[in-house]
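Note: the block below is model.cif and it holds mmCIF, C-alpha atoms and all ligand atoms.
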data_start
#
loop_
_atom_site.label_atom_id
_atom_site.label_comp_id
_atom_site.auth_asym_id
_atom_site.auth_seq_id
_atom_site.Cartn_x
_atom_site.Cartn_y
_atom_site.Cartn_z
CA MET P 1 -0.11 -1.45 -36.82
CA THR P 2 0.27 -4.93 -38.24
CA THR P 3 -1.65 -7.85 -36.77
CA ALA P 4 1.68 -9.26 -35.55
CA GLU P 5 2.49 -6.04 -33.69
CA ILE P 6 -0.72 -6.19 -31.66
CA PRO P 7 0.12 -9.13 -29.34
CA ARG P 8 3.60 -7.69 -28.88
CA THR P 9 2.12 -4.36 -27.82
CA VAL P 10 -0.42 -6.05 -25.55
CA ALA P 11 2.49 -7.91 -23.91
CA ASP P 12 4.31 -4.58 -23.48
CA TYR P 13 1.40 -3.31 -21.38
CA SER P 14 1.53 -6.26 -19.01
CA LYS P 15 5.32 -5.99 -18.81
CA ALA P 16 5.01 -2.29 -17.97
CA ALA P 17 2.39 -3.08 -15.32
CA ALA P 18 4.57 -5.81 -13.79
CA ASN P 19 7.55 -3.44 -13.79
CA ALA P 20 5.49 -0.76 -12.05
CA MET P 21 4.44 -3.18 -9.30
CA GLU P 22 7.96 -4.49 -8.92
CA GLY P 23 9.10 -0.88 -8.68
CA GLY P 24 6.86 -0.36 -5.66
CA PHE P 25 3.76 1.30 -7.08
CA ASP P 26 0.50 0.47 -5.29
CA GLY P 27 -1.38 -0.17 -8.51
CA VAL P 28 -1.62 0.71 -12.18
CA GLN P 29 -4.10 2.63 -14.27
CA ILE P 30 -4.68 1.84 -17.92
CA GLN P 31 -4.80 4.98 -20.03
CA ALA P 32 -7.77 4.54 -22.36
CA ASN P 33 -8.77 8.09 -23.07
CA TYR P 34 -7.33 11.12 -24.84
CA LEU P 35 -5.51 10.58 -28.11
CA TYR P 36 -3.36 7.60 -27.24
CA LEU P 37 -3.22 4.11 -28.68
CA ILE P 38 -6.32 2.58 -27.05
CA PRO P 39 -8.58 5.50 -28.04
CA GLN P 40 -7.19 5.30 -31.57
CA PHE P 41 -8.50 1.74 -31.73
CA LEU P 42 -11.86 2.76 -30.24
CA ASN P 43 -12.41 5.71 -32.57
CA THR P 44 -14.10 5.06 -35.93
CA ALA P 45 -12.29 8.09 -37.40
CA THR P 46 -8.83 6.65 -36.70
CA ASN P 47 -9.54 2.93 -36.78
CA VAL P 48 -10.13 1.92 -40.38
CA ARG P 49 -9.09 -1.68 -39.88
CA THR P 50 -10.99 -4.42 -41.62
CA ASP P 51 -9.72 -7.24 -39.39
CA GLU P 52 -11.07 -8.32 -36.00
CA TYR P 53 -9.79 -5.06 -34.43
CA GLY P 54 -11.92 -2.76 -36.62
CA GLY P 55 -15.55 -2.27 -37.57
CA SER P 56 -17.99 -2.97 -34.72
CA ALA P 57 -17.64 -1.54 -31.21
CA GLU P 58 -16.77 -5.03 -30.03
CA ASN P 59 -13.92 -5.24 -32.53
CA ARG P 60 -12.63 -1.72 -31.86
CA ALA P 61 -12.65 -2.48 -28.13
CA ARG P 62 -10.84 -5.81 -28.60
CA PHE P 63 -7.40 -4.24 -28.19
CA LEU P 64 -8.46 -2.53 -24.93
CA PHE P 65 -9.79 -5.76 -23.44
CA GLU P 66 -6.73 -7.72 -24.54
CA VAL P 67 -4.56 -5.11 -22.83
CA LEU P 68 -6.74 -5.21 -19.72
CA GLU P 69 -6.71 -8.98 -19.53
CA SER P 70 -2.95 -9.12 -20.03
CA VAL P 71 -2.45 -6.61 -17.22
CA LEU P 72 -4.79 -8.60 -14.97
CA LYS P 73 -2.54 -11.63 -15.42
CA VAL P 74 0.20 -9.79 -13.54
CA VAL P 75 -1.67 -7.38 -11.24
CA ASN P 76 -4.64 -8.14 -9.00
CA SER P 77 -7.82 -6.58 -10.40
CA GLY P 78 -8.38 -4.59 -7.21
CA LEU P 79 -5.15 -2.75 -7.98
CA VAL P 80 -5.94 -1.98 -11.62
CA GLY P 81 -7.89 1.09 -12.64
CA ILE P 82 -8.76 2.56 -16.00
CA LYS P 83 -9.12 6.10 -17.27
CA ILE P 84 -11.74 6.45 -19.96
CA ALA P 85 -14.47 8.88 -21.01
CA PRO P 86 -15.89 10.24 -24.24
CA MET P 87 -14.02 13.33 -25.34
CA HIS P 88 -14.45 16.04 -27.93
CA GLU P 89 -11.19 17.29 -29.35
CA LYS P 90 -10.04 18.82 -32.61
CA GLY P 91 -9.69 16.84 -35.85
CA ALA P 92 -10.04 13.07 -35.81
CA PHE P 93 -10.87 13.12 -32.11
CA ALA P 94 -13.94 15.29 -32.51
CA ALA P 95 -16.83 13.32 -30.99
CA ASN P 96 -18.84 11.52 -33.66
CA ASP P 97 -22.03 9.46 -33.60
CA GLU P 98 -20.11 6.36 -32.48
CA THR P 99 -18.22 8.04 -29.63
CA LEU P 100 -20.86 7.69 -26.93
CA PRO P 101 -22.16 4.21 -27.86
CA THR P 102 -18.58 2.93 -28.00
CA ILE P 103 -17.66 4.20 -24.56
CA GLU P 104 -20.96 2.94 -23.16
CA TYR P 105 -20.20 -0.48 -24.59
CA VAL P 106 -16.73 -0.48 -23.03
CA ILE P 107 -17.85 0.76 -19.63
CA LYS P 108 -20.66 -1.81 -19.41
CA ARG P 109 -18.13 -4.57 -20.07
CA LEU P 110 -15.68 -3.15 -17.53
CA ASN P 111 -18.22 -4.07 -14.83
CA ASP P 112 -17.17 -7.71 -15.25
CA TYR P 113 -13.58 -7.17 -14.10
CA GLY P 114 -13.78 -5.96 -10.47
CA LEU P 115 -11.39 -3.10 -11.15
CA SER P 116 -10.17 -0.73 -8.46
CA HIS P 117 -11.77 2.26 -10.19
CA LEU P 118 -12.84 4.07 -13.30
CA LEU P 119 -11.30 7.53 -13.53
CA MET P 120 -13.61 9.65 -15.62
CA MET P 121 -12.81 13.09 -16.94
CA GLY P 122 -15.78 15.41 -17.25
CA ALA P 123 -15.83 17.79 -20.20
CA SER P 124 -12.45 19.44 -20.58
CA THR P 125 -13.40 21.12 -23.87
CA ASP P 126 -16.59 22.75 -25.15
CA PHE P 127 -18.98 19.91 -26.10
CA SER P 128 -21.74 22.19 -27.38
CA GLY P 129 -22.98 21.33 -30.86
CA SER P 130 -21.26 17.92 -30.70
CA PRO P 131 -22.99 14.52 -30.39
CA ILE P 132 -21.95 14.46 -26.72
CA ALA P 133 -23.31 17.92 -25.81
CA SER P 134 -25.54 16.34 -23.14
CA LEU P 135 -22.41 15.25 -21.23
CA THR P 136 -21.41 18.84 -20.48
CA GLY P 137 -20.82 19.71 -16.82
CA ASP P 138 -22.19 17.07 -14.45
CA GLY P 139 -23.89 15.41 -17.45
CA MET P 140 -20.91 13.08 -17.86
CA PHE P 141 -21.35 11.62 -14.38
CA GLN P 142 -25.15 11.62 -14.55
CA HIS P 143 -24.90 9.54 -17.69
CA PHE P 144 -22.24 7.06 -16.63
CA ARG P 145 -22.90 6.60 -12.90
CA PRO P 146 -25.85 4.29 -13.55
CA ILE P 147 -23.78 2.31 -16.09
CA PHE P 148 -20.59 1.63 -14.08
CA ARG P 149 -21.06 -0.34 -10.88
CA GLY P 150 -17.52 -0.04 -9.45
CA PRO P 151 -15.81 2.91 -7.77
CA LEU P 152 -16.11 5.96 -10.01
CA ILE P 153 -13.66 8.84 -9.65
CA ALA P 154 -14.79 12.13 -11.17
CA ASN P 155 -12.37 14.76 -12.29
CA VAL P 156 -11.81 17.98 -14.25
CA LYS P 157 -12.63 21.41 -12.87
CA MET P 158 -13.43 20.20 -9.37
CA ASP P 159 -13.54 22.26 -6.24
CA ARG P 160 -14.71 21.54 -2.73
CA GLU P 161 -18.34 22.41 -3.36
CA ARG P 162 -18.67 20.51 -6.62
CA GLY P 163 -16.79 17.47 -5.39
CA ASN P 164 -18.89 17.22 -2.25
CA ARG P 165 -22.07 17.70 -4.25
CA LEU P 166 -21.20 14.93 -6.73
CA ILE P 167 -20.53 12.52 -3.87
CA VAL P 168 -23.67 13.47 -1.92
CA ASP P 169 -25.76 13.15 -5.10
CA GLY P 170 -24.34 9.66 -5.67
CA LEU P 171 -22.75 10.65 -8.99
CA ALA P 172 -19.19 9.80 -7.93
CA ASP P 173 -17.44 7.85 -5.19
CA LEU P 174 -14.23 9.87 -5.20
CA ILE P 175 -12.95 13.12 -6.66
CA ALA P 176 -9.55 13.61 -8.31
CA PHE P 177 -7.74 16.91 -8.75
CA GLY P 178 -5.13 17.72 -11.39
CA ARG P 179 -4.27 21.38 -11.91
CA PRO P 180 -5.28 22.46 -8.39
CA TYR P 181 -2.53 20.18 -7.08
CA ILE P 182 -0.02 22.14 -9.14
CA SER P 183 -1.09 25.60 -7.98
CA ASN P 184 -1.97 24.74 -4.38
CA PRO P 185 0.91 23.11 -2.49
CA ASP P 186 -1.46 22.77 0.48
CA LEU P 187 -4.49 21.59 -1.48
CA VAL P 188 -5.63 19.01 1.06
CA GLU P 189 -5.46 21.50 3.92
CA ARG P 190 -7.31 24.12 1.87
CA LEU P 191 -10.09 21.66 1.08
CA ALA P 192 -10.29 20.55 4.71
CA THR P 193 -10.52 24.11 6.01
CA ASN P 194 -12.64 25.54 3.18
CA ALA P 195 -9.87 28.00 2.29
CA PRO P 196 -9.98 29.53 -1.21
CA LEU P 197 -8.08 27.68 -3.94
CA ASN P 198 -5.42 29.38 -6.02
CA ASN P 199 -6.56 28.85 -9.60
CA ASP P 200 -3.88 31.09 -11.06
CA ILE P 201 -1.91 28.32 -12.74
CA LYS P 202 1.02 29.39 -14.90
CA SER P 203 0.89 27.33 -18.07
CA GLU P 204 4.37 28.46 -19.11
CA THR P 205 6.01 26.67 -16.18
CA ILE P 206 4.13 23.36 -16.56
CA TYR P 207 6.72 20.74 -17.58
CA GLY P 208 9.43 23.36 -16.94
CA PRO P 209 13.02 22.16 -16.54
CA GLY P 210 13.74 24.22 -13.40
CA PRO P 211 12.15 24.63 -9.98
CA GLU P 212 9.72 27.31 -11.21
CA GLY P 213 6.17 26.05 -11.18
CA TYR P 214 7.04 23.17 -8.85
CA VAL P 215 8.04 24.79 -5.57
CA ASP P 216 6.99 28.43 -5.80
CA TYR P 217 3.19 28.49 -5.61
CA PRO P 218 2.15 30.11 -2.33
CA SER P 219 0.41 28.22 0.42
CA ASN P 220 -2.77 29.75 1.80
CA ALA P 221 -0.82 30.86 4.88
CA ASP P 222 1.73 32.65 2.62
CA SER P 223 -1.05 34.38 0.67
CA CYS P 224 -2.78 35.56 3.88
CA GLN P 225 0.54 36.88 5.23
CA ASN P 226 1.26 38.76 1.96
CA THR P 227 -2.24 40.30 1.96
CA LYS P 228 -1.78 41.39 5.60
CA GLU P 229 1.61 42.98 4.85
CA ALA P 230 0.26 44.73 1.75
CA GLY P 231 -2.54 46.20 3.88
CA LYS P 232 -0.13 47.65 6.50
C1 LIG U 301 -0.43 19.81 -18.19
C2 LIG U 301 -1.42 18.71 -18.19
C3 LIG U 301 -1.18 17.57 -18.95
C4 LIG U 301 -2.10 16.52 -18.97
N1 LIG U 301 -1.82 15.41 -19.72
C5 LIG U 301 -2.68 14.36 -19.69
C6 LIG U 301 -2.40 13.19 -20.39
O1 LIG U 301 -1.38 13.07 -21.06
N2 LIG U 301 -3.29 12.16 -20.33
C7 LIG U 301 -4.43 12.25 -19.58
O2 LIG U 301 -5.22 11.30 -19.53
N3 LIG U 301 -4.72 13.36 -18.90
C8 LIG U 301 -3.88 14.40 -18.94
N4 LIG U 301 -4.18 15.54 -18.25
C9 LIG U 301 -5.43 15.59 -17.50
C10 LIG U 301 -5.18 15.21 -16.06
O3 LIG U 301 -4.68 13.90 -15.95
C11 LIG U 301 -6.48 15.28 -15.27
O4 LIG U 301 -7.44 14.36 -15.78
C12 LIG U 301 -7.06 16.68 -15.33
O5 LIG U 301 -6.02 17.64 -15.22
C13 LIG U 301 -8.04 16.84 -14.20
O6 LIG U 301 -8.68 18.06 -14.29
P1 LIG U 301 -8.23 19.32 -13.40
O7 LIG U 301 -6.85 19.69 -13.79
O8 LIG U 301 -9.25 20.37 -13.76
O9 LIG U 301 -8.32 18.88 -11.94
C14 LIG U 301 -3.29 16.60 -18.22
C15 LIG U 301 -3.54 17.74 -17.46
C16 LIG U 301 -2.62 18.79 -17.45
C17 LIG U 301 -2.92 20.02 -16.61
#
Let's see the structure in the file written out as structure tokens.
Amino acid sequence: MTTAEIPRTVADYSKAAANAMEGGFDGVQIQANYLYLIPQFLNTATNVRTDEYGGSAENRARFLFEVLESVLKVVNSGLVGIKIAPMHEKGAFAANDETLPTIEYVIKRLNDYGLSHLLMMGASTDFSGSPIASLTGDGMFQHFRPIFRGPLIANVKMDRERGNRLIVDGLADLIAFGRPYISNPDLVERLATNAPLNNDIKSETIYGPGPEGYVDYPSNADSCQNTKEAGK
């Protein structure tokens, strides 16, 4: 990315945020984790720049904060969230010695912006043997809860018991669900009534072009009815 492309891209983020608000969304969330553009700037393995966007954590985070500040020019900070967490993936996105200090640096600075939330993914891959092994399981939230002072949303592999425990233990303010929303059309009701969750998610129908995988997962009431009929 050339130095000239950076301000253009930063402006694209604020334009996208303004468009989203104009389109009726309640708020926007900046995507700063996974393998996308912002994490490519943050990561020492992918960011080999020698200008003010590369080198130190401050420089690697410059793009993120320029994006954030450009979005905050068009959307009130209480309606802007961010998704960020250290991750351990294959190849260039394997966690390295700079991964944790970089994200710590970013999250400390995020405290200054009064954002609506930080959405933090817990470990979605096996961290063992990596420099972020201590963030396995609840370790992610134990580590970052004392660092981030705003609303923290925990996600990945949540269920009723774990979500409630994280909130009671003060490790998260809110819990987000991803895959359980796909395989449980009545997720909220199941959580409210302590009904079992259907974790049998069919990966082959995710992003499918037809109705399969969108409208055909059974509700808890359907499952109970089927079990009753099978037992007759
Ligand atoms: C099919 C699929 C695609 C996903 N793609 C992305 C993605 O592009 N970017 C991202 O930040 N998270 C992505 N996620 C993660 C979800 O946004 C969310 O953080 C995660 O699914 C929560 O964990 P859970 O599914 O165990 O509840 C994806 C998840 C699934 C199941």
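Candidate residues P:Met121, P:Leu68, P:Ala195, P:Ile6 were compared for distance to P:Phe177, and the nearest is P:Met121, using all atoms listed in the file.
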If you take every atom of ligand LIG 301 (chain U) that the file lists and fit an axis-aligned box around them with 5 Å extra on each side, what centre and edge lengths come out in Å to one decimal, as JSON?
{"center_x": -4.8, "center_y": 15.8, "center_z": -16.5, "size_x": 18.8, "size_y": 19.1, "size_z": 19.1}
For stretch 164-174 of chain P, please output as a PDB file with C-alpha atoms, keeping the file's coordinate frame all residues within 9 Å (counting all atoms listed in the file; exclusion window: fewer than 5 positions along the same chain).
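What follows is the written file result_11.pdb:
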ATOM      1  CA  ASP P 138     -22.190  17.070 -14.450  1.00  0.00           C
ATOM      2  CA  PHE P 141     -21.350  11.620 -14.380  1.00  0.00           C
ATOM      3  CA  GLN P 142     -25.150  11.620 -14.550  1.00  0.00           C
ATOM      4  CA  PHE P 144     -22.240   7.060 -16.630  1.00  0.00           C
ATOM      5  CA  ARG P 145     -22.900   6.600 -12.900  1.00  0.00           C
ATOM      6  CA  PRO P 146     -25.850   4.290 -13.550  1.00  0.00           C
ATOM      7  CA  GLY P 150     -17.520  -0.040  -9.450  1.00  0.00           C
ATOM      8  CA  PRO P 151     -15.810   2.910  -7.770  1.00  0.00           C
ATOM      9  CA  LEU P 152     -16.110   5.960 -10.010  1.00  0.00           C
ATOM     10  CA  ILE P 153     -13.660   8.840  -9.650  1.00  0.00           C
ATOM     11  CA  ALA P 154     -14.790  12.130 -11.170  1.00  0.00           C
ATOM     12  CA  ASN P 155     -12.370  14.760 -12.290  1.00  0.00           C
ATOM     13  CA  ASP P 159     -13.540  22.260  -6.240  1.00  0.00           C
TER      14      ASP P 159
END
I'd like a table as CSV: residues in chain P with an atom no more than 10 Å from ligand LIG 301 (chain U), each row giving the shortest atom pair and its distance in Å to one decimal, all atoms listed in the file counted, sorted by chain and rising residue number.
residue,atom,partner,partner_atom,distance
P:Ile30,CA,U:LIG301,O2,9.6
P:Gln31,CA,U:LIG301,O2,6.4
P:Ala32,CA,U:LIG301,O2,7.8
P:Asn33,CA,U:LIG301,O2,6.0
P:Tyr34,CA,U:LIG301,O2,5.7
P:Leu35,CA,U:LIG301,N2,8.2
P:Tyr36,CA,U:LIG301,N2,8.3
P:Lys83,CA,U:LIG301,O2,6.9
P:Ile84,CA,U:LIG301,O2,8.1
P:Ala85,CA,U:LIG301,O2,9.7
P:Leu119,CA,U:LIG301,O4,8.2
P:Met120,CA,U:LIG301,O4,7.8
P:Met121,CA,U:LIG301,O4,5.6
P:Gly122,CA,U:LIG301,O6,8.1
P:Ala123,CA,U:LIG301,O6,9.3
P:Ser124,CA,U:LIG301,O6,7.5
P:Ala154,CA,U:LIG301,C13,8.8
P:Asn155,CA,U:LIG301,C13,5.2
P:Val156,CA,U:LIG301,O6,3.1
P:Lys157,CA,U:LIG301,O8,3.6
P:Met158,CA,U:LIG301,O9,5.9
P:Asp159,CA,U:LIG301,O9,8.4
P:Ile175,CA,U:LIG301,O9,9.1
P:Ala176,CA,U:LIG301,O9,6.5
P:Phe177,CA,U:LIG301,O9,3.8
P:Gly178,CA,U:LIG301,O9,3.4
P:Arg179,CA,U:LIG301,O7,3.6
P:Pro180,CA,U:LIG301,O9,5.9
P:Tyr181,CA,U:LIG301,O9,7.7
P:Ile182,CA,U:LIG301,C17,8.3
P:Asn199,CA,U:LIG301,O8,9.8
P:Ile201,CA,U:LIG301,C17,9.2
P:Ser203,CA,U:LIG301,C1,7.6
P:Glu204,CA,U:LIG301,C1,9.9
P:Thr205,CA,U:LIG301,C1,9.6
P:Ile206,CA,U:LIG301,C1,6.0
P:Tyr207,CA,U:LIG301,C1,7.2
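Residue nearest P:Asp186, chosen from P:Tyr113, P:Phe63, P:Tyr217, P:Phe41 and counting only C-alpha atoms: P:Tyr217.
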**Request:** Quick one: everything within 12 Å of P:Glu189, counting all atoms listed in the file, minus sequence neighbours fewer than 4 positions away in the same chain. Send it as a ChimeraX atom specification.
**Result:** /P:160,181,184-185,193-197,219-221
**Distance criterion (only C-alpha atoms): nearest to P:Glu52 out of P:Ser223, P:Ser128, P:Thr3, P:Ser183** = P:Thr3
Using only C-alpha atoms, find all polymer residues with an atom at most 10 Å away from the point (-0.6, -3.6, -11.7); report them as a short mmCIF file (atom, residue, chain, number, x, y, z; two decimals) with C-alpha atoms, in the coordinates of the input.
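Output contents, as saved in selection.cif:
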data_model
loop_
_atom_site.label_atom_id
_atom_site.label_comp_id
_atom_site.auth_asym_id
_atom_site.auth_seq_id
_atom_site.Cartn_x
_atom_site.Cartn_y
_atom_site.Cartn_z
CA TYR P 13 1.40 -3.31 -21.38
CA SER P 14 1.53 -6.26 -19.01
CA LYS P 15 5.32 -5.99 -18.81
CA ALA P 16 5.01 -2.29 -17.97
CA ALA P 17 2.39 -3.08 -15.32
CA ALA P 18 4.57 -5.81 -13.79
CA ASN P 19 7.55 -3.44 -13.79
CA ALA P 20 5.49 -0.76 -12.05
CA MET P 21 4.44 -3.18 -9.30
CA GLU P 22 7.96 -4.49 -8.92
CA PHE P 25 3.76 1.30 -7.08
CA ASP P 26 0.50 0.47 -5.29
CA GLY P 27 -1.38 -0.17 -8.51
CA VAL P 28 -1.62 0.71 -12.18
CA GLN P 29 -4.10 2.63 -14.27
CA ILE P 30 -4.68 1.84 -17.92
CA VAL P 71 -2.45 -6.61 -17.22
CA LEU P 72 -4.79 -8.60 -14.97
CA LYS P 73 -2.54 -11.63 -15.42
CA VAL P 74 0.20 -9.79 -13.54
CA VAL P 75 -1.67 -7.38 -11.24
CA ASN P 76 -4.64 -8.14 -9.00
CA SER P 77 -7.82 -6.58 -10.40
CA GLY P 78 -8.38 -4.59 -7.21
CA LEU P 79 -5.15 -2.75 -7.98
CA VAL P 80 -5.94 -1.98 -11.62
CA GLY P 81 -7.89 1.09 -12.64
#
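Taking atom CA of P:Arg8 and atom CA of P:Gly55 as the two end points, the separation is 21.7 Å.
Restricting the calculation to all atoms listed in the file, the smallest distance between P:His117 and any of P:Arg149, P:Lys90, P:Arg162, P:Arg62 is found for P:Arg149.
Once all atoms listed in the file are considered, the residues situated within 8 Å of the file point (-2.7, 2.4, -38.1) turn out to be Met1, Thr2, Thr46, Asn47, Val48 and Arg49 of chain P.
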Write to file, as a PDB file, keeping the file's coordinate frame, the residues of the selection just made, with C-alpha atoms.
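Saved to result_27.pdb:
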ATOM      1  CA  MET P   1      -0.110  -1.450 -36.820  1.00  0.00           C
ATOM      2  CA  THR P   2       0.270  -4.930 -38.240  1.00  0.00           C
ATOM      3  CA  THR P  46      -8.830   6.650 -36.700  1.00  0.00           C
ATOM      4  CA  ASN P  47      -9.540   2.930 -36.780  1.00  0.00           C
ATOM      5  CA  VAL P  48     -10.130   1.920 -40.380  1.00  0.00           C
ATOM      6  CA  ARG P  49      -9.090  -1.680 -39.880  1.00  0.00           C
TER       7      ARG P  49
END
**Request:** In Å, rounded to a single decimal, give me how far atom CA of P:Leu64 is from atom CA of P:Lys108.
**Result:** 13.4 Å
**Asked** Can you tell me how far atom CA of P:Ser56 sits from atom CA of P:Val106, in Å to one decimal?
**Response** 12.0 Å
**Message:** What's around P:Thr125 at 12 Å? Count only C-alpha atoms, leave out sequence neighbours fewer than 4 positions away in its own chain, and write the answer as a PyMOL selection string.
**Reply:** chain P and resi 34+86-90+93-95+121+129-130+132-133+135-137+156-157
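Of the listed residues (P:Arg60, P:Gly231, P:Thr50, P:Asp200), P:Asp200 comes nearest to P:Pro218; the distances count all atoms listed in the file.
Residue nearest P:Ile147 within the list P:Asp112, P:Glu104, P:Glu229, P:Asp126: P:Glu104 [criterion: smallest interatomic distance, all atoms listed in the file].
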